[in-house]
Structure formats: structure tokens, C-alpha cells
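Notes follow once the structure below has been shown.
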Amino acid sequence: MFSAFSYREYRLYWLAGAFSNLGMWALIFGRLWLMHSLTESPLYLGLVTTASLAPVLAFSALGGVIADRVNRLRLVIVTRSCFAVIAITTGFLISMFWINPWQLLVLAGISGLLLAFDIPSRQAMLPKLVPRELLVNGIALYSLLFSGSAIIGPGFFAPLVHFGGIAGVFYIIGGSYVFTVLVMLLMDPKLHHRDNLGYGFIEGLVGGMKYIKGNDLILTLIVVAVFFGTFGMSFETLIPKVASNLLAGDVNVYSSMLLWLGIGGLSGTAIIASFGNLKNSPVFLLISGAGFGVAIFLFSQISWFPGVAAMLWLTGGSMVVFMTVNNTLVQSLVRDEFRGRVMSIHQLSWGMTAVGGTCIGIAADWFGTGPAISIFGLVVSISTVGLMLRKLRDLQSIDIP
């Protein structure tokens, strides 16, 4: 289950990811709670998600071209340093009582722009750190950070808000990114050196698009991931509204809901990491995608906290399984010279949450929070099953180590 940890560069990469994922978790959900405290409009919650992820949607392809041309490690060190500055700046604005919704949206937009260049390079670094036969294990263990931070984060979120205010949360986020940079400075940059490939940005971008278009399986995996991000992961935008409206709760209820989402993610990660090799990964993808949509739908129908917690646990587990398996299949199929560009397009699955976040915020304004989440849950189940069944046999023939 922990085979990838036998490699020094992977251990450093994972440790840096531990600090940065905790920081990113707190940054995303801290902004949502901060915006909720500034204005109770669900539309503004959607706009926070949009501002954070719309730049990923707009510039991720460009970020992928750059990831295939420059030293990926050095680029990630720069982006993580900028995240630290943004988090500390947010904390300062809160401490001075200068923070307002438009400033929060601007800072979220800058973070999103950095993510557009950070994500493709970070994703493309991983296959250089472990042998191909340990790629599934390496990706699964890295996914553990997402679910782990989602468990640790809620445990500290409410106490920190009560003790040091929301400003203190953002100062800690800044500190976590500083530690990330320090750890990554210990890694060997030569492993991530990129030779001059002899093409310009436009030529590289077009070449990446043609490569994806010419590989039907990669294209299918990206499309199903984009639907998943747009109509599935965007439901997290309304969790503060569910906490305060449907459950009549405060920051403690919100924190508990995020905790159960994280516990589910940890459960899903443990299952994937234990398997080691995923010969039946397409079936995992089909079941987890459909199960995720069903869990969201049921989550929206329940106002009893134990039932909500159970659905969040199922949602978190299904989400991690789906994204880990989808990522592994794409990484197994792509050639290394196209890896940065392909992974940048693949990250549209996260970037499209910007569109989904605004749409679900508008839907909640029109129809109510529960009905909006229900509709999105049904859409993600139907789209996942429909797209996966078309290519299930071809995906089952992929040589997964």
C-alpha cells in the first residue's frame, strides 16, 4: 500500500503536497465561509467558486504548454510562493477590517490564475518520481492528501475561527505554503528539466489538442471528468447554505459536514491504494461516478444530520475513487512529451466547477438549495453512466500495471 514511499523524491513531493493540500483545502472552504459571513447570497458563494476556478478553465491549456517546456519543479515553487503571499494578504485585509466581497473575488481570481500553471506541472511531475508499475500506487497515495486534509481541516477550522478569527485561518494557510516551498527546494530539479522542444506556444497548444483528439480513450476520460466536475463537485459550493438553512447550524455544523466528506475521501483512497493495480479500473470508474451522483441526490433530500453525514461519507469516497482512477487511466495512456498539455486539459474537470458553481448558485436562488443539488446529482449520474458505457470495453483493454 505504501510502496511509492521507498523513493526519496516521491517522499519529498508527497510531504510538500501534504502542506499545500491542507493550505488549499482551507483556502477554498475558508473563502466560502468568509463570503457567507459577508453576504448570505448563494449567488456570491457561486461567484467565489467561479473566480477561483474560471482562470483554470481559461488558461489551463496554456499552463500545459508551459509545463512541457520549462522545469516543472521550479515553476511549482514559484506558484506555491505566490499562494503564500495571497493567503497572508487576505488575512491582513481581514485583520484591518478592509475585506469586502469584491476584494475576496479578486484574490480568488489571482489564485485561480496561478492554479492554471501550477496544476499541469505538478501532475506531470509525478510519473518521473516512481517506476511505471507503481504509478497507480503513487497517484492513490497522493490522493490520500486530499481526503486527509479534508479530515484534518474541519477538525481545526471551527476552533481556529473561534480562537483567532477567520484572519488567523488565512495566516496559517500562508505558513503552510511557506513550508511547501521549503520542502520542494530539497528536491532534485534535474529530474524535471525540459529540453527545448523546438515549437512555439501556439504550435504546442495545437499539437496537444490534436493528440487528444486523435486518442479516443483519452478524450472520453476527459469528457466524463469534465461532466463530473461541472455537475458533481460544484455541489460543495452550497455546503455553507445547507449547514445554515437546512440544518439550522453554524460554523461547527459546517465544519462537521466537511469532516464527514473528508472521512469518506479517506475511505475511498484506502480502497484504491490497497488494490495496487486496477485491472477493473473502468468498472470502478462507472460505479463511483454513478454512486457519487446518487449520494448527492440523497444528500439534498435529508435534513437529519446523521443521514447527511452518511451521504457526505459516500460522496467523499465516490469522488476520490472516481478522480483517482480517471487520473490513473489518463496518465497510463499519455506519452510523456504531451503529459503537461494533456493533464492541463484533464484539469478542466476541476476548472469547470467554476461554471457549475455559478450555475448551482443561480439554481439555488431560483428553486431552492435542495432542488438545485438534486438536479445536479441526477445529471452527473446519467452523464457518467452514458459516457462510460460507450467505451467500457475499450477501457477494459488498457494495460494498467
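For the C-alpha cells, the naming scheme is as follows: chains receive sequential letters (A, B, ...) according to their order of presentation, residues are indexed from 1 within each chain, and ligands are indexed from 1 in presentation order.
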Within 8 Å of A:Val56, counting only C-alpha atoms, which residues qualify if same-chain residues fewer than 2 places away don't, as a PDB file with N, CA, C and O atoms, in the first residue's frame?
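Saved as part26.pdb:
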ATOM      1  N   SER A  52     -12.393  31.501  -8.411  1.00  0.00           N
ATOM      2  CA  SER A  52     -11.260  30.635  -8.071  1.00  0.00           C
ATOM      3  C   SER A  52     -10.878  29.718  -9.229  1.00  0.00           C
ATOM      4  O   SER A  52      -9.698  29.385  -9.392  1.00  0.00           O
ATOM      5  N   LEU A  53     -11.870  29.297 -10.018  1.00  0.00           N
ATOM      6  CA  LEU A  53     -11.624  28.247 -10.992  1.00  0.00           C
ATOM      7  C   LEU A  53     -11.794  28.672 -12.446  1.00  0.00           C
ATOM      8  O   LEU A  53     -11.347  27.958 -13.347  1.00  0.00           O
ATOM      9  N   ALA A  54     -12.440  29.811 -12.704  1.00  0.00           N
ATOM     10  CA  ALA A  54     -12.587  30.267 -14.088  1.00  0.00           C
ATOM     11  C   ALA A  54     -11.231  30.467 -14.771  1.00  0.00           C
ATOM     12  O   ALA A  54     -11.070  30.106 -15.942  1.00  0.00           O
ATOM     13  N   ALA A  58      -9.823  28.957 -18.274  1.00  0.00           N
ATOM     14  CA  ALA A  58      -9.385  29.797 -19.385  1.00  0.00           C
ATOM     15  C   ALA A  58      -7.917  29.592 -19.765  1.00  0.00           C
ATOM     16  O   ALA A  58      -7.561  29.644 -20.948  1.00  0.00           O
ATOM     17  N   PHE A  59      -7.056  29.340 -18.775  1.00  0.00           N
ATOM     18  CA  PHE A  59      -5.616  29.356 -19.032  1.00  0.00           C
ATOM     19  C   PHE A  59      -4.919  28.025 -18.789  1.00  0.00           C
ATOM     20  O   PHE A  59      -3.703  27.937 -18.923  1.00  0.00           O
ATOM     21  N   SER A  60      -5.677  26.988 -18.419  1.00  0.00           N
ATOM     22  CA  SER A  60      -5.044  25.704 -18.117  1.00  0.00           C
ATOM     23  C   SER A  60      -4.296  25.131 -19.321  1.00  0.00           C
ATOM     24  O   SER A  60      -3.212  24.563 -19.176  1.00  0.00           O
ATOM     25  N   GLY A 112      -6.750  31.448  -8.826  1.00  0.00           N
ATOM     26  CA  GLY A 112      -7.139  30.595  -9.943  1.00  0.00           C
ATOM     27  C   GLY A 112      -6.174  30.687 -11.103  1.00  0.00           C
ATOM     28  O   GLY A 112      -5.856  29.683 -11.755  1.00  0.00           O
ATOM     29  N   LEU A 113      -5.679  31.894 -11.380  1.00  0.00           N
ATOM     30  CA  LEU A 113      -4.706  32.067 -12.458  1.00  0.00           C
ATOM     31  C   LEU A 113      -3.424  31.298 -12.160  1.00  0.00           C
ATOM     32  O   LEU A 113      -2.848  30.641 -13.047  1.00  0.00           O
ATOM     33  N   LEU A 115      -3.215  28.637 -10.286  1.00  0.00           N
ATOM     34  CA  LEU A 115      -3.529  27.212 -10.386  1.00  0.00           C
ATOM     35  C   LEU A 115      -3.451  26.713 -11.828  1.00  0.00           C
ATOM     36  O   LEU A 115      -3.088  25.560 -12.082  1.00  0.00           O
ATOM     37  N   ALA A 116      -3.806  27.579 -12.772  1.00  0.00           N
ATOM     38  CA  ALA A 116      -3.779  27.181 -14.178  1.00  0.00           C
ATOM     39  C   ALA A 116      -2.385  26.769 -14.616  1.00  0.00           C
ATOM     40  O   ALA A 116      -2.226  25.933 -15.526  1.00  0.00           O
ATOM     41  N   GLN A 347      -7.498  18.760 -16.303  1.00  0.00           N
ATOM     42  CA  GLN A 347      -7.859  19.537 -15.117  1.00  0.00           C
ATOM     43  C   GLN A 347      -9.053  20.459 -15.351  1.00  0.00           C
ATOM     44  O   GLN A 347      -9.499  21.136 -14.428  1.00  0.00           O
ATOM     45  N   LEU A 348      -9.561  20.479 -16.585  1.00  0.00           N
ATOM     46  CA  LEU A 348     -10.825  21.175 -16.811  1.00  0.00           C
ATOM     47  C   LEU A 348     -11.938  20.547 -15.966  1.00  0.00           C
ATOM     48  O   LEU A 348     -12.946  21.195 -15.693  1.00  0.00           O
ATOM     49  N   GLY A 351     -11.620  22.781 -13.250  1.00  0.00           N
ATOM     50  CA  GLY A 351     -11.904  24.139 -13.689  1.00  0.00           C
ATOM     51  C   GLY A 351     -13.366  24.365 -14.006  1.00  0.00           C
ATOM     52  O   GLY A 351     -13.907  25.446 -13.758  1.00  0.00           O
TER      53      GLY A 351
END
Residues of stretch 66-134 of chain A within 8 Å of stretch 167-174 of chain A: nearest atom pair and distance (Å, one decimal) for each, counting only C-alpha atoms, sorted by chain and number, as a Markdown table?
| residue | atom | partner | partner_atom | distance |
| --- | --- | --- | --- | --- |
| A:Phe83 | CA | A:Gly174 | CA | 7.1 |
| A:Ala84 | CA | A:Gly174 | CA | 4.1 |
| A:Val85 | CA | A:Gly174 | CA | 6.6 |
| A:Ile86 | CA | A:Gly174 | CA | 7.5 |
| A:Ala87 | CA | A:Gly174 | CA | 5.0 |
| A:Ile88 | CA | A:Tyr171 | CA | 5.1 |
| A:Thr90 | CA | A:Phe170 | CA | 6.5 |
| A:Gly91 | CA | A:Ala167 | CA | 4.3 |
| A:Phe92 | CA | A:Ala167 | CA | 7.1 |
| A:Ile94 | CA | A:Ala167 | CA | 5.5 |
| A:Ser95 | CA | A:Ala167 | CA | 6.0 |
key: atom CA of A:Met209 to atom CA of A:Gly63, straight-line distance in Å   =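 Value for the atom CA of A:Gly63-atom CA of A:Met209 distance: 13.4 Å.
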query = Pick from A:Asp336, A:Ile382, A:Ala270, A:Phe292: nearest to A:Tyr211, with only C-alpha atoms counted?
reply =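 Among A:Asp336, A:Ile382, A:Ala270, A:Phe292, it is A:Asp336 that comes nearest to A:Tyr211.
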ask   = When distances are computed from only C-alpha atoms, which of A:Gly357, A:Gly370, A:Gly17, A:Pro131 shows the smallest separation from A:Phe231?
value = A:Gly357
ask   = Taking the backbone alone, and naming residues the way the document does, which bits of stretch 178-269 of chain A are helix (DSSP H, G or I) by DSSP, as a PyMOL selection string?
value = chain A and resi 178-184+189-192+201-214+216-231+233-246+251-269
query = What gap, in Å, lies between atom CA of A:Gly138 and atom CA of A:Leu126?
reply =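 Atom CA of A:Gly138 sits 7.7 Å away from atom CA of A:Leu126.
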request  = May I have the residues within 10 Å of A:Ala295 as JSON, numbers by chain, using only C-alpha atoms and disregarding those fewer than 4 positions away in the same chain?
outcome  = {"A": [290, 291, 299, 300, 308, 310, 311, 312, 313, 314, 315, 316, 318, 374, 377, 378, 381]}
